[in-house]
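Heads up, the thing below is written out as structure tokens.
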Amino acid sequence: MIGLAYLGALLVSLGGIALLDRAHRLAFWSDWRLSAACVGIGVAAFLAWDLAGLALGIFARGDSPHMTGILLAPELPVEEVGFLTLLCYTALAAWRAFDRWVAERRGVDRAAGGAR
């Protein structure tokens, strides 16, 4: 059971980001197709980077009792895909929140006559 701890934590974290996304309509609840493309392209790019690093001997899978031990490729644990998905989804949601904040801030500045 301890072998599922890291994957479980990643899934719980993804669920938390999804709840924030839904509450504030940041990414998938705003435009699911574009969000899926952004996260998918990001995960694919990072996986390619990981595979290149593994092939060159730069990266290696560490041992941990908290991981499932399921490998997608030699030295590439299934948890890596979960981590990369969390990384890309969090970055997308944070960027959309920041972008919205800036847009709202500019709207307030315009209403005040443009003076800061």
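A note on labels: chains of the structure tokens are A, B, ... as shown, every chain counts residues from 1, and ligands are counted from 1 in their shown order.
Surrounding segment 20-23 of chain A within 7 Å are Phe28, Trp29 and Ala93 of chain A, with only C-alpha atoms counted and residues fewer than 5 positions along the same chain left out.
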Next, the residues of the selection above should be written as a short mmCIF file (atom, residue, chain, number, x, y, z; two decimals), in the first residue's frame with N, CA and C atoms.
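Just written: result19.cif:
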data_model
loop_
_atom_site.label_atom_id
_atom_site.label_comp_id
_atom_site.auth_asym_id
_atom_site.auth_seq_id
_atom_site.Cartn_x
_atom_site.Cartn_y
_atom_site.Cartn_z
N PHE A 28 -9.44 24.26 -17.93
CA PHE A 28 -10.34 23.29 -18.54
C PHE A 28 -11.81 23.71 -18.48
N TRP A 29 -12.20 24.44 -17.48
CA TRP A 29 -13.58 24.89 -17.39
C TRP A 29 -13.80 26.20 -18.16
N ALA A 93 -2.80 26.80 -14.97
CA ALA A 93 -3.77 27.45 -14.09
C ALA A 93 -3.19 28.71 -13.45
#
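Interatomic distance, atom CA of Gly62 of chain A to atom CA of Ala48 of chain A: 18.8 Å.
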Query raised in the report: Counting only C-alpha atoms, what is within 10 Å of Ser13 of chain A, bar same-chain residues fewer than 3 positions away, as a list in words?
Result: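 Here the qualifying residues turn out to be Leu7, Gly8, Ala9, Leu10, Gly16, Ile17, Ala18, Leu19, Gly82, Phe83, Leu86 and Thr90 of chain A.
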Go ahead and save the residues from that selection, with N, CA, C and O atoms, as a compact mmCIF listing (two decimals), in the first residue's frame.
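Done, and the output landed in again-v7.txt:
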# COMPACT_ATOMS: atom_id res chain seq x y z
N LEU A 7 2.01 8.26 -6.08
CA LEU A 7 1.00 8.37 -7.13
C LEU A 7 -0.31 8.91 -6.56
O LEU A 7 -0.96 9.76 -7.17
N GLY A 8 -0.67 8.45 -5.37
CA GLY A 8 -1.88 8.96 -4.73
C GLY A 8 -1.78 10.44 -4.41
O GLY A 8 -2.74 11.20 -4.62
N ALA A 9 -0.63 10.87 -3.93
CA ALA A 9 -0.44 12.30 -3.64
C ALA A 9 -0.52 13.13 -4.91
O ALA A 9 -1.09 14.24 -4.91
N LEU A 10 0.03 12.61 -6.00
CA LEU A 10 -0.07 13.32 -7.28
C LEU A 10 -1.52 13.44 -7.74
O LEU A 10 -1.96 14.51 -8.20
N GLY A 16 -7.03 18.72 -6.58
CA GLY A 16 -7.09 20.05 -5.97
C GLY A 16 -6.97 21.15 -7.00
O GLY A 16 -7.70 22.15 -6.96
N ILE A 17 -6.07 20.98 -7.97
CA ILE A 17 -5.93 21.97 -9.03
C ILE A 17 -7.21 22.00 -9.87
O ILE A 17 -7.68 23.07 -10.28
N ALA A 18 -7.78 20.83 -10.13
CA ALA A 18 -9.03 20.78 -10.90
C ALA A 18 -10.15 21.50 -10.16
O ALA A 18 -10.98 22.18 -10.79
N LEU A 19 -10.21 21.37 -8.83
CA LEU A 19 -11.24 22.10 -8.07
C LEU A 19 -11.03 23.61 -8.15
O LEU A 19 -12.00 24.37 -8.31
N GLY A 82 2.39 11.41 -14.12
CA GLY A 82 1.53 12.13 -13.17
C GLY A 82 2.16 13.43 -12.70
O GLY A 82 1.50 14.47 -12.63
N PHE A 83 3.45 13.39 -12.41
CA PHE A 83 4.15 14.59 -11.98
C PHE A 83 4.18 15.64 -13.08
O PHE A 83 3.93 16.82 -12.84
N LEU A 86 0.81 17.20 -13.48
CA LEU A 86 0.58 18.16 -12.39
C LEU A 86 1.37 19.44 -12.63
O LEU A 86 0.85 20.55 -12.47
N THR A 90 -0.65 22.87 -13.29
CA THR A 90 -0.45 23.93 -12.30
C THR A 90 0.09 25.19 -12.97
O THR A 90 -0.37 26.30 -12.68
Report task. Could you tell me how far atom CA of Thr85 of chain A lies from atom CA of Phe46 of chain A, in Å and to one decimal? Result ->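 So the two atoms, atom CA of Thr85 of chain A and atom CA of Phe46 of chain A, lie 9.6 Å apart.
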Report task. Tell me which protein, DNA and RNA residues are within 9 Å of Val78 of chain A, counting only C-alpha atoms, leaving out same-chain ones fewer than 4 positions away, and put them as a PyMOL selection string. Result -> chain A and resi 7+67-73+82
Preceding selection exported with C-alpha atoms as a PDB file, in the first residue's frame:
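What landed in result-v8.pdb:
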ATOM      1  CA  LEU A   7       1.002   8.370  -7.129  1.00  0.00           C
ATOM      2  CA  MET A  67       6.498   4.470  -5.781  1.00  0.00           C
ATOM      3  CA  THR A  68       4.515   1.725  -7.519  1.00  0.00           C
ATOM      4  CA  GLY A  69       7.470   0.260  -9.403  1.00  0.00           C
ATOM      5  CA  ILE A  70       5.490   0.315 -12.667  1.00  0.00           C
ATOM      6  CA  LEU A  71       7.711   1.466 -15.521  1.00  0.00           C
ATOM      7  CA  LEU A  72       6.521   2.905 -18.836  1.00  0.00           C
ATOM      8  CA  ALA A  73      10.007   2.539 -20.308  1.00  0.00           C
ATOM      9  CA  GLY A  82       1.530  12.130 -13.172  1.00  0.00           C
TER      10      GLY A  82
END
Requested in this report: Looking only at strand (DSSP E or B) from DSSP on the backbone, list the matching residues of segment 10-102 of chain A as a PyMOL selection string.
Outcome: chain A and resi 71-73+76-77
Query raised in the report: Pick the closest to Cys88 of chain A from A:Ala5, A:Leu47, A:Val39, A:Ala103: which is it, counting only C-alpha atoms?
Result: A:Val39
Requested in this report: Grab the atom CA of Leu51 of chain A to atom CA of Glu79 of chain A distance for me, in Å with one decimal place.
Outcome: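 Between atom CA of Leu51 of chain A and atom CA of Glu79 of chain A the gap works out to 14.3 Å.
Closest to Val43 of chain A among A:Leu76, A:Ala27, A:Leu11, A:Leu84 is A:Leu84, based on only C-alpha atoms.
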